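Heads up, the thing below is written out as structure tokens.
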Amino acid sequence: MKVLSGRVVFDLVLLAGAVWGLVQARSLPAAFGPGQIGPGDFPAAVMIIAIVALLAVLWQDLRASREEPRAEEGSTERVGLAETFGVLATGVLLAGYIALLEPLGFLASTVAFLFLAVLSCTWFLDRPDSGAAWGRLLLSAAVLAVAGTGLSYVVFTYGFGLIFP
């Protein structure tokens with residue numbers, strides 16, 4: 001009996017989540033008038049893009065799992081302490097973002113979240129080795145946080161007419 005690889009199972013779980021997200025987005029109310037964008041149109045478009053991308057990734061992982069030689073029974077790839085802390089840090093950052101969204105507002109909490117997310121991902125995955133590299137990282141994290149937040153704010157406020165907390 002051939003067992004699915006962890007990557008394929010993960011792809012399938014993400015695909016199921018994206019399909020569920022599409023169903024939820026389509027269940028939102030329709031647009032208020034003809035030619036207008038409804039509240040579910042943008043999330044539905046994102047979910048469709050995610051489904052297409054996940055199908056491509058699933059296809060690649062299925063092909064790769066057939067081509068790879070099977071590892072010996074009992075051999076597993078262990079998750080290290082840094083990876084575990086990285087996942088926990090991301091969870092804490094998301095919980096903090098959700099908790100601070102209402103009191104601080106969208107702009108401040110999103111800038112802080114994106115900045116800290118870039119720093120934590122870099123810290124756990126590929127730490128800079130010099131002071132100059134840290135300086136570039138801090139600058140690029142700040143630019144990404146401000147640009148990402150500003151772009152999101154402009155698109156949702158002026159494009160979709162939403163009001164942020």
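Residue numbering restarts at 1 for every chain of the structure tokens, chains are lettered A, B, ... in their displayed order, and ligands are numbered from 1 as they appear.
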
Mind checking which residues fall within 10 Å of segment 94-106 of chain A, counting only C-alpha atoms, ignoring those fewer than 5 positions away in the same chain, and posting them as a list in words?
->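 Close residues of segment 94-106 of chain A: Leu88, Ala89, Val111, Ala112, Phe113, Leu114, Ala117, Thr149, Ser152, Tyr153, Ile163, Phe164 and Pro165 of chain A.
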
Mind listing the alpha helix (DSSP H) residues of segment 59-135 of chain A, per DSSP on the backbone, as an MDAnalysis selection string?
-> chainID A and resid 59:67 81:104 106:125 131:135

In Å, with one decimal, what is the gap from atom CA of Ala145 of chain A to atom CA of Thr90 of chain A?
->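 Computing the Euclidean distance for atom CA of Ala145 of chain A and atom CA of Thr90 of chain A yields 15.7 Å.
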
Select, from A:Leu116, A:Val154, A:Leu162, A:Val9, the residue with the minimum atom-to-atom distance to Ala141 of chain A, counting only C-alpha atoms.
-> A:Leu116

Interatomic distance, atom CA of Gly38 of chain A to atom CA of Leu107 of chain A (Å, one decimal) |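 Here the two named atoms are 23.7 Å from each other.
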
Using only C-alpha atoms, which residues sit within 9 Å of segment 55-57 of chain A once same-chain residues fewer than 5 positions away are excluded, as number ranges by chain?
-> A: 8, 11-12, 15, 50, 62

Write out as a PyMOL selection string the residues lying within 7 Å of Leu28 of chain A, counting only C-alpha atoms and excluding same-chain residues fewer than 3 positions away.
-> chain A and resi 24-25+39-40

One decimal, Å: what's the distance from atom CA of Gly6 of chain A over to atom CA of Leu93 of chain A, could you say?
->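 So the two atoms, atom CA of Gly6 of chain A and atom CA of Leu93 of chain A, lie 25.5 Å apart.
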
Using only C-alpha atoms: which of A:Asp126, A:Ala44, A:Gly131, A:Phe115 has the shortest distance to Val143 of chain A =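 Among the listed residues, A:Phe115 lies closest to Val143 of chain A.
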
Tell me, as a VMD selection string, which residues lie within 10 Å of Leu125 of chain A, counting only C-alpha atoms; anything in the same chain fewer than 5 positions away does not count.
-> chain A and resid 82 to 83 86 119 to 120
